[in-house]
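Structure below is query_32.cif: mmCIF, C-alpha atoms and all ligand atoms.
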data_final
loop_
_atom_site.label_atom_id
_atom_site.label_comp_id
_atom_site.auth_asym_id
_atom_site.auth_seq_id
_atom_site.Cartn_x
_atom_site.Cartn_y
_atom_site.Cartn_z
CA MET A 33 18.29 20.78 38.80
CA ASN A 34 18.39 17.59 40.80
CA LYS A 35 17.05 17.90 44.25
CA ILE A 36 19.84 17.36 46.77
CA GLU A 37 18.90 15.95 50.13
CA PRO A 38 20.42 18.16 52.77
CA ARG A 39 22.41 16.23 55.39
CA LYS A 40 21.06 17.89 58.48
CA THR A 41 24.03 17.23 60.74
CA GLU A 42 26.58 18.82 58.40
CA THR A 43 26.46 22.59 58.21
CA LYS A 44 29.74 22.99 56.34
CA PRO A 45 31.98 20.99 53.99
CA GLN A 46 33.61 18.01 55.73
CA PRO A 47 36.99 16.58 54.67
CA ARG A 48 37.08 12.86 53.90
CA PRO A 49 37.59 10.60 56.90
CA GLY A 50 41.30 10.39 57.64
CA VAL A 51 42.20 13.90 56.59
CA MET A 52 41.62 15.44 60.00
CA ALA A 53 43.49 12.51 61.61
CA ILE A 54 46.69 13.80 60.00
CA ASP A 55 49.17 15.55 62.26
CA PRO A 56 50.47 18.28 59.95
CA TYR A 57 54.17 17.90 59.11
CA VAL A 58 56.13 20.36 61.23
CA PRO A 59 59.48 21.18 59.61
CA GLY A 60 62.57 21.66 61.76
CA GLN A 61 63.17 25.09 63.19
CA SER A 62 64.96 27.46 60.82
CA SER A 63 65.53 30.53 62.97
CA ALA A 64 66.78 31.35 66.45
CA PRO A 65 65.27 34.70 67.45
CA GLY A 66 67.67 37.14 69.02
CA VAL A 67 70.78 35.24 67.97
CA GLY A 68 73.15 36.92 65.53
CA ARG A 69 74.87 34.18 63.56
CA ILE A 70 72.92 31.07 62.74
CA PHE A 71 73.95 27.56 61.71
CA LYS A 72 70.97 25.64 60.40
CA LEU A 73 71.68 21.97 60.98
CA SER A 74 68.06 20.89 61.11
CA ALA A 75 66.98 20.00 57.58
CA ASN A 76 69.77 17.82 56.12
CA GLU A 77 70.66 20.44 53.55
CA THR A 78 74.14 20.26 52.07
CA PRO A 79 76.71 22.66 53.55
CA LEU A 80 78.30 22.95 50.09
CA GLY A 81 75.14 24.36 48.52
CA PRO A 82 74.16 23.57 44.93
CA SER A 83 76.57 23.31 42.02
CA PRO A 84 77.47 26.75 40.61
CA ARG A 85 76.33 25.32 37.28
CA ALA A 86 72.82 24.83 38.68
CA CYS A 87 72.77 28.43 39.90
CA GLU A 88 73.86 29.68 36.50
CA ALA A 89 71.20 27.61 34.76
CA LEU A 90 68.59 29.08 37.10
CA ARG A 91 69.72 32.63 36.37
CA ASN A 92 69.55 31.97 32.64
CA PHE A 93 66.09 30.54 33.08
CA ALA A 94 64.80 33.95 34.21
CA ASP A 95 64.13 34.86 30.58
CA HIS A 96 61.59 32.02 30.26
CA LEU A 97 59.32 32.55 33.24
CA GLY A 98 56.30 33.16 31.03
CA ASP A 99 56.45 29.77 29.33
CA TYR A 100 54.74 26.64 30.58
CA PRO A 101 57.31 23.96 31.32
CA ASP A 102 57.54 20.70 29.37
CA GLY A 103 54.93 18.67 31.24
CA SER A 104 56.62 15.42 30.29
CA ALA A 105 59.95 16.57 31.80
CA MET A 106 61.65 14.95 28.81
CA SER A 107 65.07 16.65 29.01
CA LEU A 108 65.38 16.01 32.72
CA ARG A 109 64.29 12.38 32.38
CA LEU A 110 66.87 11.87 29.63
CA ALA A 111 69.60 13.41 31.78
CA ILE A 112 68.66 11.23 34.78
CA ALA A 113 68.40 8.13 32.59
CA GLN A 114 71.81 8.74 31.11
CA LYS A 115 73.46 9.36 34.46
CA HIS A 116 72.04 6.23 36.10
CA GLY A 117 71.69 3.90 33.11
CA LEU A 118 67.87 3.84 33.19
CA ASP A 119 65.00 3.72 30.74
CA PRO A 120 63.71 7.33 30.54
CA GLU A 121 60.19 6.04 29.88
CA ARG A 122 60.13 4.58 33.36
CA ILE A 123 61.01 7.80 35.19
CA VAL A 124 58.44 10.22 36.59
CA CYS A 125 59.54 13.60 37.95
CA GLY A 126 57.84 15.40 40.79
CA ASN A 127 57.66 18.59 42.79
CA GLY A 128 60.08 17.16 45.32
CA SER A 129 60.04 13.45 46.04
CA ASP A 130 57.34 14.20 48.63
CA GLU A 131 54.91 14.71 45.77
CA LEU A 132 55.79 11.30 44.35
CA LEU A 133 55.24 9.63 47.73
CA HIS A 134 51.77 11.21 47.81
CA LEU A 135 51.01 10.26 44.21
CA LEU A 136 51.97 6.64 44.84
CA ALA A 137 49.70 6.45 47.88
CA ALA A 138 46.89 8.22 46.03
CA ALA A 139 47.12 5.78 43.11
CA TYR A 140 47.47 2.53 45.08
CA VAL A 141 45.85 3.02 48.49
CA GLY A 142 42.10 3.28 48.86
CA SER A 143 39.68 3.68 51.71
CA GLY A 144 40.35 1.02 54.35
CA ASP A 145 43.56 -0.22 52.71
CA GLU A 146 46.66 -0.52 54.82
CA GLY A 147 50.07 1.04 54.27
CA ILE A 148 53.11 -0.06 56.26
CA PHE A 149 56.09 2.03 57.36
CA THR A 150 58.58 1.59 60.18
CA GLU A 151 58.60 2.82 63.76
CA HIS A 152 60.98 5.75 63.22
CA GLY A 153 60.29 6.12 59.51
CA PHE A 154 59.94 9.39 57.62
CA LEU A 155 56.73 11.21 58.71
CA VAL A 156 55.49 11.87 55.18
CA TYR A 157 54.58 8.17 54.72
CA LYS A 158 51.90 8.29 57.39
CA ILE A 159 50.54 11.55 56.01
CA ALA A 160 50.38 10.17 52.47
CA ILE A 161 48.59 6.99 53.59
CA LEU A 162 46.03 8.90 55.66
CA ALA A 163 45.50 11.47 52.92
CA ALA A 164 44.66 8.64 50.52
CA GLY A 165 42.07 7.29 52.96
CA GLY A 166 44.24 4.40 54.07
CA ILE A 167 45.18 3.02 57.47
CA PRO A 168 48.76 3.60 58.63
CA ILE A 169 50.42 0.49 60.07
CA VAL A 170 53.67 0.80 62.01
CA ALA A 171 56.27 -1.99 61.91
CA ALA A 172 58.65 -2.08 64.88
CA GLU A 173 62.35 -1.49 64.30
CA ARG A 174 65.28 -3.29 65.84
CA ASP A 175 68.24 -1.22 67.04
CA LEU A 176 66.73 1.82 65.33
CA THR A 177 66.88 -0.07 62.05
CA ALA A 178 64.01 -1.26 59.85
CA SER A 179 63.34 -4.98 60.29
CA ILE A 180 62.20 -7.03 57.31
CA ASP A 181 60.65 -9.63 59.65
CA GLU A 182 58.64 -6.99 61.49
CA ILE A 183 57.43 -5.49 58.19
CA LEU A 184 56.41 -8.91 56.84
CA ALA A 185 54.62 -9.66 60.11
CA LYS A 186 52.36 -6.63 59.54
CA VAL A 187 51.16 -7.71 56.10
CA THR A 188 47.44 -8.49 55.85
CA SER A 189 45.00 -8.99 52.99
CA ARG A 190 44.40 -5.23 53.10
CA THR A 191 48.06 -4.19 52.72
CA LYS A 192 48.64 -2.17 49.54
CA ILE A 193 51.92 -0.33 50.06
CA VAL A 194 55.15 -0.46 52.07
CA PHE A 195 57.23 2.70 52.47
CA LEU A 196 60.86 2.24 53.42
CA ALA A 197 63.51 4.95 53.58
CA ASN A 198 66.97 3.56 52.96
CA PRO A 199 68.90 5.05 54.65
CA ASN A 200 66.20 6.20 57.02
CA ASN A 201 65.67 9.72 58.27
CA PRO A 202 66.03 10.55 61.21
CA THR A 203 68.00 7.48 62.34
CA GLY A 204 70.60 7.37 59.55
CA THR A 205 70.57 3.57 59.62
CA TYR A 206 70.31 1.53 56.42
CA LEU A 207 69.54 -1.97 55.22
CA PRO A 208 71.91 -3.91 52.96
CA SER A 209 70.69 -4.87 49.49
CA SER A 210 70.32 -8.51 50.63
CA ALA A 211 67.66 -7.46 53.17
CA ILE A 212 65.77 -5.35 50.64
CA GLU A 213 65.89 -8.25 48.17
CA ARG A 214 64.42 -10.52 50.82
CA LEU A 215 61.58 -8.08 51.42
CA ALA A 216 60.82 -7.95 47.70
CA GLY A 217 61.09 -11.72 47.46
CA GLU A 218 58.73 -12.48 50.33
CA LEU A 219 56.13 -9.76 49.96
CA PRO A 220 53.10 -10.67 47.80
CA ARG A 221 53.54 -9.26 44.30
CA HIS A 222 50.46 -7.06 44.40
CA ILE A 223 51.89 -4.95 47.24
CA LEU A 224 53.83 -1.87 46.18
CA ILE A 225 57.25 -1.34 47.79
CA VAL A 226 58.45 2.26 47.80
CA LEU A 227 62.20 2.53 48.41
CA ASP A 228 62.90 6.13 49.36
CA ALA A 229 66.56 6.71 48.57
CA ALA A 230 66.73 10.42 49.38
CA TYR A 231 70.24 10.00 50.81
CA ALA A 232 71.55 7.40 48.33
CA GLU A 233 74.39 9.56 47.02
CA TYR A 234 75.86 9.86 50.49
CA VAL A 235 76.03 6.14 51.19
CA GLN A 236 79.51 4.67 50.81
CA ARG A 237 78.89 1.06 51.80
CA GLU A 238 79.73 -2.00 49.73
CA ASP A 239 76.49 -3.78 50.61
CA TYR A 240 74.17 -0.87 49.76
CA GLU A 241 72.07 -0.48 46.63
CA PRO A 242 69.50 2.34 46.36
CA GLY A 243 66.84 0.21 44.68
CA ILE A 244 67.62 0.75 41.01
CA GLU A 245 68.12 -2.95 40.33
CA LEU A 246 64.96 -4.03 42.14
CA ALA A 247 62.89 -1.30 40.50
CA ARG A 248 64.33 -2.34 37.13
CA TRP A 249 63.21 -5.95 37.41
CA ARG A 250 60.28 -6.06 39.80
CA GLU A 251 56.92 -4.68 38.85
CA ASN A 252 56.02 -3.81 42.43
CA VAL A 253 59.14 -1.86 43.42
CA VAL A 254 59.55 1.92 43.05
CA MET A 255 62.67 3.88 43.93
CA THR A 256 62.27 7.58 44.76
CA ARG A 257 65.12 10.10 44.62
CA THR A 258 65.50 13.79 45.33
CA PHE A 259 67.49 16.86 44.31
CA SER A 260 66.92 18.31 47.79
CA LYS A 261 69.77 16.66 49.62
CA ILE A 262 73.22 16.18 48.08
CA TYR A 263 72.31 18.29 45.02
CA GLY A 264 71.44 21.23 47.26
CA LEU A 265 68.23 22.20 45.43
CA ALA A 266 65.67 21.78 48.22
CA GLY A 267 64.29 25.26 47.56
CA LEU A 268 63.38 24.39 43.97
CA ARG A 269 61.43 21.19 44.81
CA LEU A 270 62.55 18.43 42.47
CA GLY A 271 62.43 14.66 42.79
CA TRP A 272 61.98 11.62 40.58
CA CYS A 273 61.10 7.97 40.74
CA TYR A 274 61.99 4.84 38.80
CA ALA A 275 59.24 2.27 38.44
CA SER A 276 57.54 -0.14 36.08
CA SER A 277 55.77 1.34 33.01
CA ASP A 278 52.42 0.50 34.61
CA ILE A 279 53.18 2.37 37.82
CA CYS A 280 54.50 5.35 35.84
CA ASP A 281 51.34 5.26 33.74
CA ALA A 282 49.18 5.32 36.88
CA ILE A 283 50.86 8.26 38.57
CA ASN A 284 51.19 10.17 35.29
CA ARG A 285 47.40 10.08 35.08
CA ILE A 286 46.84 11.72 38.45
CA ARG A 287 49.74 14.16 38.70
CA GLY A 288 49.36 17.79 37.76
CA PRO A 289 50.18 18.26 34.08
CA PHE A 290 53.01 20.71 34.88
CA ASN A 291 54.03 19.39 38.31
CA THR A 292 57.74 20.12 37.92
CA SER A 293 58.69 23.72 37.23
CA GLY A 294 60.90 24.74 34.35
CA ALA A 295 63.26 26.47 36.76
CA ALA A 296 63.71 23.32 38.81
CA MET A 297 64.27 21.18 35.73
CA ALA A 298 66.84 23.58 34.25
CA ALA A 299 68.80 23.64 37.51
CA GLY A 300 68.44 19.88 37.97
CA ILE A 301 69.86 19.10 34.53
CA ALA A 302 72.85 21.37 35.18
CA ALA A 303 73.38 19.86 38.64
CA LEU A 304 73.45 16.34 37.20
CA ALA A 305 76.29 17.36 34.90
CA ASP A 306 78.53 18.44 37.79
CA ALA A 307 79.80 15.11 39.05
CA GLU A 308 82.76 16.73 40.74
CA HIS A 309 80.51 18.74 43.00
CA ILE A 310 78.87 15.55 44.22
CA LEU A 311 82.24 13.90 44.85
CA ARG A 312 83.29 16.90 46.93
CA ALA A 313 80.06 16.72 48.92
CA VAL A 314 80.54 13.01 49.62
CA ALA A 315 84.15 13.48 50.70
CA HIS A 316 83.21 16.38 52.99
CA ASN A 317 80.39 14.36 54.49
CA GLU A 318 82.48 11.25 55.12
CA ALA A 319 85.26 13.19 56.82
CA TRP A 320 83.08 15.42 58.99
CA ARG A 321 80.45 12.85 59.90
CA ASP A 322 83.18 10.58 61.24
CA TRP A 323 84.87 13.49 63.01
CA LEU A 324 81.61 14.66 64.62
CA ALA A 325 80.57 11.16 65.65
CA ARG A 326 83.96 10.65 67.30
CA GLU A 327 84.09 14.04 69.00
CA ILE A 328 80.55 13.78 70.35
CA ALA A 329 80.91 10.17 71.51
CA ARG A 330 84.15 11.21 73.27
CA LEU A 331 82.13 13.55 75.51
CA GLY A 332 80.76 10.42 77.16
CA ASP A 333 77.14 11.33 77.83
CA ILE A 334 75.74 11.43 74.29
CA LYS A 335 75.33 8.27 72.27
CA VAL A 336 75.58 8.60 68.50
CA THR A 337 73.84 6.20 66.11
CA ALA A 338 76.11 5.06 63.27
CA SER A 339 74.87 6.88 60.16
CA ALA A 340 75.15 6.15 56.45
CA ALA A 341 73.70 9.57 55.53
CA ASN A 342 74.52 13.26 56.09
CA PHE A 343 73.23 13.56 59.62
CA LEU A 344 73.68 12.03 63.05
CA LEU A 345 71.10 11.00 65.62
CA LEU A 346 72.27 12.09 69.08
CA HIS A 347 70.84 10.30 72.12
CA PHE A 348 70.64 12.17 75.39
CA THR A 349 69.90 10.54 78.73
CA ASP A 350 66.25 11.58 78.59
CA GLU A 351 63.75 13.92 76.98
CA GLN A 352 64.47 16.66 79.47
CA GLN A 353 68.20 16.66 78.72
CA ALA A 354 67.55 16.65 74.97
CA ARG A 355 65.29 19.65 75.37
CA ALA A 356 67.82 21.47 77.53
CA ALA A 357 70.56 20.76 74.98
CA ASN A 358 68.35 22.00 72.15
CA HIS A 359 67.64 25.19 74.07
CA PHE A 360 71.31 25.74 74.90
CA LEU A 361 72.40 25.18 71.29
CA LEU A 362 69.69 27.49 69.95
CA GLY A 363 71.03 30.22 72.20
CA GLN A 364 74.36 29.81 70.39
CA GLY A 365 72.72 29.97 66.96
CA LEU A 366 72.97 26.21 66.42
CA ILE A 367 69.67 24.83 65.13
CA LEU A 368 69.23 21.06 65.40
CA ARG A 369 66.13 18.97 64.71
CA ALA A 370 63.96 17.84 67.60
CA VAL A 371 62.60 14.42 66.68
CA GLY A 372 59.85 13.80 69.24
CA ALA A 373 57.37 13.41 66.39
CA TYR A 374 59.45 10.42 65.24
CA GLY A 375 59.10 8.72 68.61
CA LEU A 376 62.56 9.87 69.69
CA PRO A 377 61.93 12.61 72.28
CA HIS A 378 65.32 12.01 73.95
CA CYS A 379 67.19 12.60 70.69
CA LEU A 380 68.24 15.45 68.44
CA ARG A 381 69.20 15.11 64.80
CA LEU A 382 72.29 16.95 63.64
CA THR A 383 72.99 17.64 59.97
CA ILE A 384 76.67 17.56 58.96
CA GLY A 385 77.53 21.19 58.26
CA THR A 386 80.46 23.29 57.19
CA GLN A 387 83.79 22.81 58.92
CA GLU A 388 83.06 25.89 61.01
CA ALA A 389 79.58 24.70 62.04
CA ASN A 390 80.82 21.21 62.89
CA ARG A 391 83.63 22.45 65.13
CA PHE A 392 81.25 24.91 66.74
CA VAL A 393 78.55 22.35 67.49
CA ALA A 394 81.04 19.86 68.96
CA ALA A 395 82.43 22.57 71.24
CA ALA A 396 78.94 23.76 72.20
CA LEU A 397 77.86 20.23 73.15
CA ALA A 398 80.98 19.92 75.33
CA ASP A 399 80.07 23.25 76.97
CA PHE A 400 76.51 22.10 77.52
CA LEU A 401 77.59 18.91 79.28
CA ALA A 402 80.17 20.77 81.36
CA ILE A 403 77.62 23.34 82.53
CA GLU A 404 75.12 20.61 83.24
CA SER A 405 77.50 18.54 85.33
CA ARG A 406 78.53 21.65 87.28
CA ALA A 407 74.86 22.38 87.95
CA ARG A 408 74.38 18.84 89.22
CA ALA A 409 77.42 18.94 91.48
C1 LIG A 501 64.48 14.90 52.70
C2 LIG A 501 63.78 13.64 52.43
C3 LIG A 501 63.04 13.47 51.27
C4 LIG A 501 63.08 14.51 50.21
O1 LIG A 501 61.94 15.22 50.09
P1 LIG A 501 61.81 16.26 48.89
O2 LIG A 501 60.35 16.40 48.78
O3 LIG A 501 62.40 15.63 47.67
O4 LIG A 501 62.51 17.50 49.29
C5 LIG A 501 62.41 12.27 51.05
N1 LIG A 501 62.52 11.27 51.94
C6 LIG A 501 63.25 11.39 53.05
C7 LIG A 501 63.39 10.23 53.96
C8 LIG A 501 63.90 12.58 53.34
O5 LIG A 501 64.60 12.71 54.46
#
As a first step, turn the structure in this file into structure tokens.
Amino acid sequence: MNKIEPRKTETKPQPRPGVMAIDPYVPGQSSAPGVGRIFKLSANETPLGPSPRACEALRNFADHLGDYPDGSAMSLRLAIAQKHGLDPERIVCGNGSDELLHLLAAAYVGSGDEGIFTEHGFLVYKIAILAAGGIPIVAAERDLTASIDEILAKVTSRTKIVFLANPNNPTGTYLPSSAIERLAGELPRHILIVLDAAYAEYVQREDYEPGIELARWRENVVMTRTFSKIYGLAGLRLGWCYASSDICDAINRIRGPFNTSGAAMAAGIAALADAEHILRAVAHNEAWRDWLAREIARLGDIKVTASAANFLLLHFTDEQQARAANHFLLGQGLILRAVGAYGLPHCLRLTIGTQEANRFVAAALADFLAIESRARA
């Protein structure tokens, strides 16, 4: 046996530098103790739930729990490729798109390398960069919207990756395809651009493109997608990405050999086949997001950021009022998402819910403001 020099200062295993610098991701609240009926509007889940076809596929899958899944996710990749007109060889599936974000950072970011994301960007980007040993770099936003100029201004010789959610969570703002094209055009070709299009299906804007075209033609652009949002399968953990063959090759080498479960893949394939369900979800979201934005803005004291996704960012006058509102709503069984960790302590994020939940939350916010103004008087 080789003689190992003991490092006298270390009496127990030490994580790599960077790991302990990570603030663990804290999910939104999902319960309101002591309250009977609950409306969870904190995790951007779809109020319509998954397609009944996905549920049926999952039930039928119960007979196959003893079998290892197809580690290449071939059937699912073919179904995705067919639906979106893609090359199935350039798709990699993951245990949620979160896993793919981590795999991309693990494959392309090394110790001391820099990864850029935006001021109010999705928290997982920072975690993935730190976990890979990299240095997180924050690009300022303008009007709660990612700024291509600010991102480009942060590029150095150490930059390896740029994460951009489009639309972004928790702001709901998006960048038009022309802006994304400019980013891809001006960024050096060795820097990986990850376009996180978790909410793509919800976006009904003429100037929006989720990243398929850029990922198709540019070797440094990856688009990630998820089954957690409009498809209603967050509990099964399923995502995918579209990238160059080289990028797919790299992350296929480091992913777990069976990283997507057979249950998730069976449900995902069935969900993809139910186009009508998605159309219903989009129509519901359009109608109720506009209704909620109008009703809440009408109350006067709460500003609402225009959203392209299935949630709204509500701005209160200050952190204290946001906290009071959150507390009041929780008491009514309405769970919203506090977004202090995103640098927005005076805001709450509200997921578009069922008709009943939406009417209830609008009324509860009106009650909150009325009680507050009475207390001030
Ligand atoms: C919800 C969300 C995801 C999806 O994560 P999954 O791991 O696929 O559930 C990815 N990115 C953003 C910005 C999100 O809001």
Taking (59.3, 8.6, 34.0) in the file's coordinates as the center, which residues reach within 8 Å of it, counting all atoms listed in the file, put as an mmCIF file with C-alpha atoms, in the coordinates of the input?
data_model
loop_
_atom_site.group_PDB
_atom_site.id
_atom_site.type_symbol
_atom_site.label_atom_id
_atom_site.label_comp_id
_atom_site.auth_asym_id
_atom_site.auth_seq_id
_atom_site.Cartn_x
_atom_site.Cartn_y
_atom_site.Cartn_z
ATOM 1 C CA ARG A 109 64.290 12.380 32.380
ATOM 2 C CA PRO A 120 63.710 7.330 30.540
ATOM 3 C CA GLU A 121 60.190 6.040 29.880
ATOM 4 C CA ARG A 122 60.130 4.580 33.360
ATOM 5 C CA ILE A 123 61.010 7.800 35.190
ATOM 6 C CA VAL A 124 58.440 10.220 36.590
ATOM 7 C CA CYS A 125 59.540 13.600 37.950
ATOM 8 C CA TRP A 272 61.980 11.620 40.580
ATOM 9 C CA CYS A 273 61.100 7.970 40.740
ATOM 10 C CA TYR A 274 61.990 4.840 38.800
ATOM 11 C CA ALA A 275 59.240 2.270 38.440
ATOM 12 C CA CYS A 280 54.500 5.350 35.840
#
Kindly provide, as a PyMOL selection string, all nucleotide and amino acid residues lying within 7 Å of ligand LIG 501 (chain A), counting only C-alpha atoms and all ligand atoms. chain A and resi 76+127-131+154+197+200-201+228-230+257-261+266+269-271
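Across A:Gly147, A:Pro47, A:Gly332, A:Gly81, the tightest approach to Ala398 (chain A) is made by A:Gly332 when counting all atoms listed in the file.
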Option closest in space to His116 (chain A), from A:Arg248, A:His359, A:His309, A:His347 [counting all atoms listed in the file]: A:Arg248
Distance criterion (only C-alpha atoms): nearest to Phe400 (chain A) out of A:Gly264, A:Gly204, A:Gly363, A:Gly375: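 For Phe400 (chain A), the nearest of the given residues is A:Gly363.
Candidate residues A:Leu345, A:Ile403, A:Ala89, A:Ala178 were compared for distance to Met297 (chain A), and the nearest is A:Ala89, using all atoms listed in the file.
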Rank A:Phe360, A:Val393, A:Asp119, A:Pro101 by their smallest atom-to-atom distance to Ser277 (chain A), using all atoms listed in the file, and report the top residue only.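 Closest residue, counting all atoms listed in the file: A:Asp119.
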Nearest residue to Gly217 (chain A) out of A:Asn252, A:Phe71, A:Pro59, A:Ile283, using all atoms listed in the file? A:Asn252
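Note that the spacing between CA of Ala354 (chain A) and CA of Pro168 (chain A) amounts to 28.1 Å.
Atom pair CA of Pro79 (chain A) / CA of Ala356 (chain A) has a distance of 25.6 Å (rounded to one decimal).
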Asp175 (chain A) environment, 12 Å, all atoms listed in the file, sequence neighbours closer than 3 positions dropped, as a PDB file with C-alpha atoms, in the frame of the given file:
ATOM      1  CA  GLU A 151      58.600   2.820  63.760  1.00  0.00           C
ATOM      2  CA  HIS A 152      60.980   5.750  63.220  1.00  0.00           C
ATOM      3  CA  ALA A 172      58.650  -2.080  64.880  1.00  0.00           C
ATOM      4  CA  ALA A 178      64.010  -1.260  59.850  1.00  0.00           C
ATOM      5  CA  SER A 179      63.340  -4.980  60.290  1.00  0.00           C
ATOM      6  CA  THR A 203      68.000   7.480  62.340  1.00  0.00           C
ATOM      7  CA  GLY A 204      70.600   7.370  59.550  1.00  0.00           C
ATOM      8  CA  THR A 205      70.570   3.570  59.620  1.00  0.00           C
ATOM      9  CA  TYR A 206      70.310   1.530  56.420  1.00  0.00           C
ATOM     10  CA  LEU A 207      69.540  -1.970  55.220  1.00  0.00           C
ATOM     11  CA  THR A 337      73.840   6.200  66.110  1.00  0.00           C
ATOM     12  CA  ALA A 338      76.110   5.060  63.270  1.00  0.00           C
TER      13      ALA A 338
END
What residues have an atom no more than 9 Å from (65.5, 5.1, 47.9) in the file's own frame, counting only C-alpha atoms, and can you write them as a short mmCIF file (atom, residue, chain, number, x, y, z; two decimals) with C-alpha atoms, in the frame of the given file?
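Once everything was written out, this is result_13.cif:
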data_model
loop_
_atom_site.label_atom_id
_atom_site.label_comp_id
_atom_site.auth_asym_id
_atom_site.auth_seq_id
_atom_site.Cartn_x
_atom_site.Cartn_y
_atom_site.Cartn_z
CA LEU A 196 60.86 2.24 53.42
CA ALA A 197 63.51 4.95 53.58
CA ASN A 198 66.97 3.56 52.96
CA PRO A 199 68.90 5.05 54.65
CA VAL A 226 58.45 2.26 47.80
CA LEU A 227 62.20 2.53 48.41
CA ASP A 228 62.90 6.13 49.36
CA ALA A 229 66.56 6.71 48.57
CA ALA A 230 66.73 10.42 49.38
CA TYR A 231 70.24 10.00 50.81
CA ALA A 232 71.55 7.40 48.33
CA GLU A 241 72.07 -0.48 46.63
CA PRO A 242 69.50 2.34 46.36
CA GLY A 243 66.84 0.21 44.68
CA ILE A 244 67.62 0.75 41.01
CA VAL A 254 59.55 1.92 43.05
CA MET A 255 62.67 3.88 43.93
CA THR A 256 62.27 7.58 44.76
CA ARG A 257 65.12 10.10 44.62
CA CYS A 273 61.10 7.97 40.74
#
Atom pair CA of Ala247 (chain A) / CA of Ile225 (chain A): separation (Å): 9.2 Å
So which residues touch Leu90 (chain A) within 12 Å, counting only C-alpha atoms, skipping near sequence neighbours fewer than 6 positions away, as a list in words? Pro82, Ser83, Pro84, His96, Leu97, Leu265, Gly267, Leu268, Ser293, Gly294, Ala295, Ala296, Met297, Ala298, Ala299, Gly300, Ile301, Ala302 and Ala303 of chain A
Give me the residues of region 41-157 of chain A that have any atom at most 8 Å from an atom of region 285-290 of chain A; for each, the nearest atom pair and the distance in Å, rounded to one decimal. Use all atoms listed in the file, sort by chain and number, and format it as a tab-separated table.
residue	atom	partner	partner_atom	distance
A:Tyr100	CA	A:Phe290	CA	7.5
A:Pro101	CA	A:Phe290	CA	6.5
A:Asp102	CA	A:Phe290	CA	7.1
A:Gly103	CA	A:Phe290	CA	4.6
A:Ser104	CA	A:Phe290	CA	7.9
A:Leu135	CA	A:Arg287	CA	6.9
A:Ala139	CA	A:Ile286	CA	7.6
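Residues in contact range of Ser143 (chain A), defined as at most 9 Å between only C-alpha atoms, with sequence neighbours fewer than 5 positions away removed, read Pro49, Ala164, Gly165, Gly166 and Ile167 of chain A.
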Let me have the centre and edge lengths of the axis-aligned box enclosing all listed atoms of region 354-367 of chain A with 6 Å padding on every side, in Å to one decimal, as JSON.
{"center_x": 69.8, "center_y": 23.4, "center_z": 71.3, "size_x": 21.1, "size_y": 25.6, "size_z": 24.4}
Need the shell around Glu146 (chain A): protein/DNA/RNA residues with any atom at most 10 Å away, counting all atoms listed in the file. Skip same-chain ones fewer than 6 positions apart. Format as a PDB file with C-alpha atoms, in the coordinates of the input?
ATOM      1  CA  ILE A 161      48.590   6.990  53.590  1.00  0.00           C
ATOM      2  CA  LEU A 162      46.030   8.900  55.660  1.00  0.00           C
ATOM      3  CA  GLY A 165      42.070   7.290  52.960  1.00  0.00           C
ATOM      4  CA  GLY A 166      44.240   4.400  54.070  1.00  0.00           C
ATOM      5  CA  ILE A 167      45.180   3.020  57.470  1.00  0.00           C
ATOM      6  CA  PRO A 168      48.760   3.600  58.630  1.00  0.00           C
ATOM      7  CA  ILE A 169      50.420   0.490  60.070  1.00  0.00           C
ATOM      8  CA  LYS A 186      52.360  -6.630  59.540  1.00  0.00           C
ATOM      9  CA  VAL A 187      51.160  -7.710  56.100  1.00  0.00           C
ATOM     10  CA  THR A 188      47.440  -8.490  55.850  1.00  0.00           C
ATOM     11  CA  SER A 189      45.000  -8.990  52.990  1.00  0.00           C
ATOM     12  CA  ARG A 190      44.400  -5.230  53.100  1.00  0.00           C
ATOM     13  CA  THR A 191      48.060  -4.190  52.720  1.00  0.00           C
ATOM     14  CA  LYS A 192      48.640  -2.170  49.540  1.00  0.00           C
ATOM     15  CA  ILE A 193      51.920  -0.330  50.060  1.00  0.00           C
ATOM     16  CA  VAL A 194      55.150  -0.460  52.070  1.00  0.00           C
TER      17      VAL A 194
END
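Residues lying within 12 Å of Gln353 (chain A), counting only C-alpha atoms and ignoring same-chain neighbours fewer than 3 positions away, are Asp333, Ile334, Leu346, His347, Phe348, Thr349, Asp350, Ala356, Ala357, Asn358, His359, Phe360, Ala370, Pro377, His378, Cys379, Leu380, Leu397, Phe400, Leu401, Glu404 and Ser405 of chain A.
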Using the structure just given, write a file holding N, CA and C atoms for region 273-277 of chain A, as an mmCIF file, in the first residue's frame.
data_model
loop_
_atom_site.group_PDB
_atom_site.id
_atom_site.type_symbol
_atom_site.label_atom_id
_atom_site.label_comp_id
_atom_site.auth_asym_id
_atom_site.auth_seq_id
_atom_site.Cartn_x
_atom_site.Cartn_y
_atom_site.Cartn_z
ATOM 1 N N CYS A 273 -32.860 18.243 -23.636
ATOM 2 C CA CYS A 273 -32.194 19.381 -24.265
ATOM 3 C C CYS A 273 -31.894 19.055 -25.716
ATOM 4 N N TYR A 274 -31.743 20.126 -26.512
ATOM 5 C CA TYR A 274 -31.380 20.002 -27.915
ATOM 6 C C TYR A 274 -30.066 20.740 -28.096
ATOM 7 N N ALA A 275 -29.085 20.058 -28.652
ATOM 8 C CA ALA A 275 -27.735 20.631 -28.724
ATOM 9 C C ALA A 275 -26.975 19.998 -29.877
ATOM 10 N N SER A 276 -25.766 20.470 -30.097
ATOM 11 C CA SER A 276 -24.915 19.887 -31.131
ATOM 12 C C SER A 276 -24.566 18.441 -30.746
ATOM 13 N N SER A 277 -24.149 17.636 -31.728
ATOM 14 C CA SER A 277 -23.760 16.240 -31.434
ATOM 15 C C SER A 277 -22.617 16.208 -30.427
#
